[in-house]
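S.K.: I'm passing along input.txt; it holds compact mmCIF, C-alpha atoms.
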```
# COMPACT_ATOMS: atom_id res chain seq x y z
CA MET W 157 77.99 147.45 121.13
CA PRO W 158 74.84 145.70 122.37
CA SER W 159 75.24 143.27 125.22
CA LYS W 160 74.58 139.63 124.59
CA PRO W 161 71.26 138.54 126.12
CA SER W 162 71.51 136.23 129.11
CA PRO W 163 70.45 132.65 128.54
CA PRO W 164 67.08 131.75 130.02
CA ILE W 165 67.12 130.46 133.57
CA THR W 166 65.96 126.85 133.36
CA MET W 167 66.50 123.57 135.16
CA ASP W 168 67.72 122.10 131.86
CA ALA W 169 70.64 124.52 132.04
CA VAL W 170 71.36 123.36 135.59
CA TYR W 171 71.13 119.67 134.67
CA ALA W 172 73.63 120.17 131.82
CA ALA W 173 76.19 122.12 133.89
CA PRO W 174 79.48 120.38 134.71
CA GLY W 175 79.30 121.32 138.40
CA TYR W 176 75.84 119.82 138.74
CA LEU W 177 76.89 116.64 136.95
CA PHE W 178 80.02 116.27 139.11
CA ARG W 179 77.97 116.78 142.27
CA ARG W 180 75.39 114.20 141.16
CA MET W 181 78.10 111.70 140.27
CA GLN W 182 79.68 112.26 143.68
CA GLN W 183 76.30 111.54 145.30
CA ILE W 184 75.92 108.41 143.19
CA ALA W 185 79.49 107.27 143.89
CA VAL W 186 79.05 107.67 147.65
CA SER W 187 75.69 105.89 147.50
CA ILE W 188 77.18 102.94 145.61
CA PHE W 189 80.17 102.81 147.98
CA MET W 190 77.91 102.85 151.03
CA GLU W 191 75.67 100.16 149.55
CA GLU W 192 78.54 97.82 148.68
CA CYS W 193 80.39 98.49 151.94
CA LYS W 194 77.43 98.72 154.36
CA ALA W 195 78.61 95.69 156.36
CA PHE W 196 81.82 97.56 157.24
CA ASP W 197 80.31 100.85 158.46
CA LEU W 198 82.97 102.97 156.75
CA THR W 199 82.64 106.09 154.62
CA PRO W 200 84.79 106.69 151.54
CA VAL W 201 86.89 109.22 153.46
CA GLN W 202 87.39 106.82 156.36
CA TYR W 203 88.45 104.15 153.86
CA ALA W 204 90.94 106.53 152.21
CA ALA W 205 92.34 107.45 155.63
CA LEU W 206 92.79 103.79 156.56
CA ILE W 207 94.61 103.12 153.27
CA ALA W 208 96.90 106.13 153.81
CA ILE W 209 97.67 105.10 157.41
CA HIS W 210 98.28 101.52 156.25
CA THR W 211 100.75 102.65 153.57
CA ARG W 212 102.37 105.22 155.87
CA PRO W 213 102.26 103.99 159.50
CA GLY W 214 103.09 106.83 161.87
CA ILE W 215 101.68 109.56 159.64
CA ASP W 216 100.43 112.65 161.47
CA ALA W 217 97.00 114.17 160.85
CA THR W 218 98.34 117.17 158.93
CA ARG W 219 100.21 114.99 156.45
CA LEU W 220 97.25 112.58 156.26
CA SER W 221 95.05 115.54 155.32
CA ALA W 222 97.46 116.41 152.49
CA VAL W 223 97.79 112.81 151.27
CA ILE W 224 94.04 112.24 150.94
CA ALA W 225 93.32 115.91 150.01
CA PHE W 226 90.78 116.35 152.78
CA ASP W 227 90.16 119.41 154.95
CA ARG W 228 92.33 119.20 158.09
CA SER W 229 89.69 120.59 160.45
CA THR W 230 87.12 118.00 159.33
CA LEU W 231 89.66 115.18 159.30
CA GLY W 232 89.88 115.33 163.10
CA SER W 233 86.36 113.97 163.45
CA VAL W 234 87.09 111.26 160.85
CA ILE W 235 90.12 110.14 162.89
CA GLU W 236 88.06 110.24 166.11
CA ARG W 237 85.43 107.96 164.55
CA LEU W 238 88.10 105.53 163.33
CA GLN W 239 89.64 105.56 166.79
CA ALA W 240 86.23 104.95 168.43
CA LYS W 241 85.77 101.92 166.14
CA ASP W 242 89.20 100.68 167.28
CA PHE W 243 90.63 100.85 163.74
CA VAL W 244 93.23 103.53 164.45
CA GLU W 245 95.38 104.45 167.41
CA ARG W 246 97.22 107.68 168.11
CA ARG W 247 100.67 107.63 169.68
CA PRO W 248 102.82 110.61 170.64
CA ALA W 249 105.74 111.35 168.33
CA PRO W 250 109.05 110.52 170.02
CA GLU W 251 110.55 113.94 169.20
CA ASP W 252 107.47 115.99 170.13
CA LYS W 253 104.80 114.49 172.40
CA ARG W 254 102.26 117.10 171.24
CA ILE W 255 102.20 115.54 167.77
CA LYS W 256 100.11 112.40 167.54
CA LEU W 257 101.09 109.75 165.01
CA LEU W 258 98.50 107.42 163.51
CA TYR W 259 98.70 103.64 163.27
CA LEU W 260 96.24 100.95 162.28
CA THR W 261 95.16 98.59 165.03
CA LYS W 262 94.79 94.86 164.39
CA SER W 263 91.08 95.50 163.82
CA GLY W 264 91.90 98.30 161.37
CA THR W 265 94.24 96.05 159.41
CA ALA W 266 91.66 93.27 159.38
CA ILE W 267 88.77 95.46 158.17
CA LEU W 268 90.96 96.94 155.48
CA ARG W 269 91.70 93.46 154.14
CA GLU W 270 88.03 92.49 154.35
CA ILE W 271 86.58 95.62 152.71
CA ILE W 272 88.77 95.69 149.58
CA PRO W 273 86.55 93.32 147.51
CA ALA W 274 83.49 95.45 148.36
CA VAL W 275 85.34 98.65 147.40
CA GLU W 276 86.42 97.07 144.12
CA ARG W 277 82.79 96.10 143.41
CA ALA W 278 81.71 99.67 144.14
CA GLN W 279 84.34 101.13 141.83
CA ALA W 280 83.33 98.74 139.04
CA ARG W 281 79.61 99.55 139.51
CA MET W 282 80.26 103.28 139.14
CA LEU W 283 81.62 102.76 135.62
CA GLU W 284 79.64 99.65 134.67
CA PRO W 285 77.03 101.45 132.51
CA LEU W 286 79.79 102.65 130.16
CA ARG W 287 81.50 100.69 127.43
CA PRO W 288 85.11 99.73 128.31
CA ALA W 289 86.59 102.32 125.93
CA ASP W 290 84.36 105.02 127.42
CA ARG W 291 85.39 104.01 130.96
CA LYS W 292 89.03 104.45 130.01
CA ALA W 293 88.34 107.78 128.30
CA LEU W 294 86.30 109.06 131.25
CA MET W 295 88.99 108.10 133.76
CA GLY W 296 91.65 109.80 131.64
CA LEU W 297 89.62 112.99 131.30
CA MET W 298 88.68 113.05 135.00
CA SER W 299 92.33 112.58 136.00
CA GLN W 300 93.30 115.41 133.67
CA LEU W 301 90.60 117.73 135.03
CA VAL W 302 91.52 116.97 138.63
CA ASP W 303 95.19 117.58 137.91
CA LEU W 304 94.62 120.81 135.96
CA ASN W 305 92.18 122.17 138.55
CA ASN W 306 94.11 120.98 141.61
CA GLU W 307 94.93 124.50 142.84
CA ALA W 308 91.25 125.48 142.79
CA SER W 309 90.57 122.91 145.53
CA ARG W 310 90.14 123.93 149.16
CA VAL W 311 92.70 121.18 149.84
CA PRO W 312 95.01 120.82 146.84
CA LEU W 313 96.83 117.53 146.53
CA ARG W 314 100.55 118.28 146.76
CA ALA W 315 102.87 116.33 144.47
CA GLU W 316 105.34 115.62 147.27
CA ASP W 317 102.53 114.10 149.35
CA ALA W 318 100.99 112.10 146.53
CA LEU W 319 103.98 110.87 144.53
CA GLU W 320 104.90 107.98 146.79
CA HIS W 321 101.26 106.97 147.02
CA LEU W 322 100.83 107.02 143.26
CA GLY W 323 103.91 104.89 142.66
CA LYS W 324 105.82 107.72 140.99
CA ALA W 325 108.41 108.36 143.68
CA GLY W 326 112.07 107.99 142.97
```
Let me see the file written as structure tokens.
M.R.:
Amino acid sequence: MPSKPSPPITMDAVYAAPGYLFRRMQQIAVSIFMEECKAFDLTPVQYAALIAIHTRPGIDATRLSAVIAFDRSTLGSVIERLQAKDFVERRPAPEDKRIKLLYLTKSGTAILREIIPAVERAQARMLEPLRPADRKALMGLMSQLVDLNNEASRVPLRAEDALEHLGKAG
């Protein structure tokens, strides 16, 4: 049986590949976020960490990593930057002083309140070029893809970590 010939190697093939399109949209999403939120000097990951710490005061870094589905080894530098900006403080856990628990400072709480309108503008801008029905369809399909491919991630989101944050606990 003859083998099927390989498709030609072209940039058009690259530009049409899902991985390329996801990477480009990630670049665009981060760019829009940074543009809308430039006055706050926060990255999307720092923002997600602040939200998680706000909703779960006293969370440790390992659980925070699971909740925001971000690599634990890289998260340490994110936490250090938030601490240097005086948005987060670390306190030893009462039962084990080696474990550091994370809390928002007054400045962290204030910036979180202030940045939300800018984040909402950024989120809206990302989908703005699409018709409302297409926005809804895209969000549904992206949610489905993320869920179905969760285990392929370097940091899979665990249901037990996410449920309470998605309002599905109980």
S.K.: Tell me, in Å to one decimal, how far CA of Glu192 (chain W) is from CA of Ala274 (chain W).
M.R.: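 Atom-to-atom, CA of Glu192 (chain W) to CA of Ala274 (chain W), that is 5.5 Å.
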S.K.: By how many Å are CA of Leu313 (chain W) and CA of Ala225 (chain W) apart?
M.R.: 5.2 Å
S.K.: Could you give me, as a PyMOL selection string, the residues that sit within 10 Å of (95.7, 96.7, 160.7) in the file's coordinates, counting all atoms listed in the file?
M.R.: chain W and resi 206-207+209-210+213+243-244+259-269
S.K.: Kindly save the residues from that selection, with C-alpha atoms included, as a PDB file, in the coordinates of the input.
M.R.:
```
ATOM      1  CA  LEU W 206      92.790 103.790 156.560  1.00  0.00           C
ATOM      2  CA  ILE W 207      94.610 103.120 153.270  1.00  0.00           C
ATOM      3  CA  ILE W 209      97.670 105.100 157.410  1.00  0.00           C
ATOM      4  CA  HIS W 210      98.280 101.520 156.250  1.00  0.00           C
ATOM      5  CA  PRO W 213     102.260 103.990 159.500  1.00  0.00           C
ATOM      6  CA  PHE W 243      90.630 100.850 163.740  1.00  0.00           C
ATOM      7  CA  VAL W 244      93.230 103.530 164.450  1.00  0.00           C
ATOM      8  CA  TYR W 259      98.700 103.640 163.270  1.00  0.00           C
ATOM      9  CA  LEU W 260      96.240 100.950 162.280  1.00  0.00           C
ATOM     10  CA  THR W 261      95.160  98.590 165.030  1.00  0.00           C
ATOM     11  CA  LYS W 262      94.790  94.860 164.390  1.00  0.00           C
ATOM     12  CA  SER W 263      91.080  95.500 163.820  1.00  0.00           C
ATOM     13  CA  GLY W 264      91.900  98.300 161.370  1.00  0.00           C
ATOM     14  CA  THR W 265      94.240  96.050 159.410  1.00  0.00           C
ATOM     15  CA  ALA W 266      91.660  93.270 159.380  1.00  0.00           C
ATOM     16  CA  ILE W 267      88.770  95.460 158.170  1.00  0.00           C
ATOM     17  CA  LEU W 268      90.960  96.940 155.480  1.00  0.00           C
ATOM     18  CA  ARG W 269      91.700  93.460 154.140  1.00  0.00           C
TER      19      ARG W 269
END
```
S.K.: Compute the distance from (81.0, 101.9, 142.4) to each atom, counting all atoms listed in the file, keep the residues with any atom at most 10 Å away, and return them as a CSV table (one decimal) with C-alpha atoms, keeping the file's coordinate frame; use the coordinates of the file.
M.R.:
```
chain,number,residue,atom,x,y,z
W,184,ILE,CA,75.9,108.4,143.2
W,185,ALA,CA,79.5,107.3,143.9
W,186,VAL,CA,79.0,107.7,147.6
W,187,SER,CA,75.7,105.9,147.5
W,188,ILE,CA,77.2,102.9,145.6
W,189,PHE,CA,80.2,102.8,148.0
W,190,MET,CA,77.9,102.8,151.0
W,191,GLU,CA,75.7,100.2,149.6
W,192,GLU,CA,78.5,97.8,148.7
W,274,ALA,CA,83.5,95.4,148.4
W,275,VAL,CA,85.3,98.6,147.4
W,276,GLU,CA,86.4,97.1,144.1
W,277,ARG,CA,82.8,96.1,143.4
W,278,ALA,CA,81.7,99.7,144.1
W,279,GLN,CA,84.3,101.1,141.8
W,280,ALA,CA,83.3,98.7,139.0
W,281,ARG,CA,79.6,99.6,139.5
W,282,MET,CA,80.3,103.3,139.1
W,283,LEU,CA,81.6,102.8,135.6
W,284,GLU,CA,79.6,99.6,134.7
```
S.K.: Please report the interatomic distance between CA of Asp197 (chain W) and CA of Ile271 (chain W) in Å with one decimal.
M.R.: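 Those two atoms sit 10.0 Å apart.
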S.K.: Please return the centre and edge lengths, in Å to one decimal, of a box with edges along x, y and z that contains all listed atoms of region 255-266 of chain W, widened by 3 Å on every side, as JSON.
M.R.:
```
{"center_x": 96.6, "center_y": 104.4, "center_z": 163.6, "size_x": 17.1, "size_y": 28.3, "size_z": 14.4}
```
S.K.: Go through W:Leu297, W:Ile272, W:Val170, W:Val201 and flag the residue nearest Asp227 (chain W), using only C-alpha atoms for the distances.
M.R.: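 Closest residue, counting only C-alpha atoms: W:Val201.
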S.K.: Under the rule that all atoms listed in the file are counted, which of W:Ala217, W:Gly296, W:Ile224, W:Met167 is the nearest residue to Ala204 (chain W)?
M.R.: W:Ile224
S.K.: With all atoms listed in the file as the atoms that count, which of W:Arg310, W:Ala205, W:Pro163, W:Leu294 lies nearest to Arg237 (chain W)?
M.R.: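 Residue with the minimum atom-to-atom distance to Arg237 (chain W): W:Ala205.
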S.K.: If you count only C-alpha atoms, which residues fall within 6 Å of Lys256 (chain W), apart from same-chain ones fewer than 3 positions away, as a PyMOL selection string?
M.R.: chain W and resi 246-249
S.K.: For the residues in that selection, give me C-alpha atoms as a PDB file, keeping the file's coordinate frame.
M.R.:
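Saved result, selection.pdb, follows:
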```
ATOM      1  CA  ARG W 246      97.220 107.680 168.110  1.00  0.00           C
ATOM      2  CA  ARG W 247     100.670 107.630 169.680  1.00  0.00           C
ATOM      3  CA  PRO W 248     102.820 110.610 170.640  1.00  0.00           C
ATOM      4  CA  ALA W 249     105.740 111.350 168.330  1.00  0.00           C
TER       5      ALA W 249
END
```
S.K.: Select, from W:Phe226, W:Glu251, W:Met181, W:Asp216, the residue with the minimum atom-to-atom distance to Met298 (chain W), counting all atoms listed in the file.
M.R.: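 So, comparing all the options, the nearest one is W:Met181.
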S.K.: Would you please work out which residue, of W:Leu220, W:Leu257, W:Ala172, W:Leu198, is nearest to Leu238 (chain W) when using all atoms listed in the file?
M.R.: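 Looking at the shortest contact to Leu238 (chain W), the residue is W:Leu198.
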S.K.: Under the rule that all atoms listed in the file are counted, which of W:Ala208, W:Val234, W:Ala308, W:Ala289 is the nearest residue to Ala222 (chain W)?
M.R.: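 For Ala222 (chain W), the nearest of the given residues is W:Ala208.
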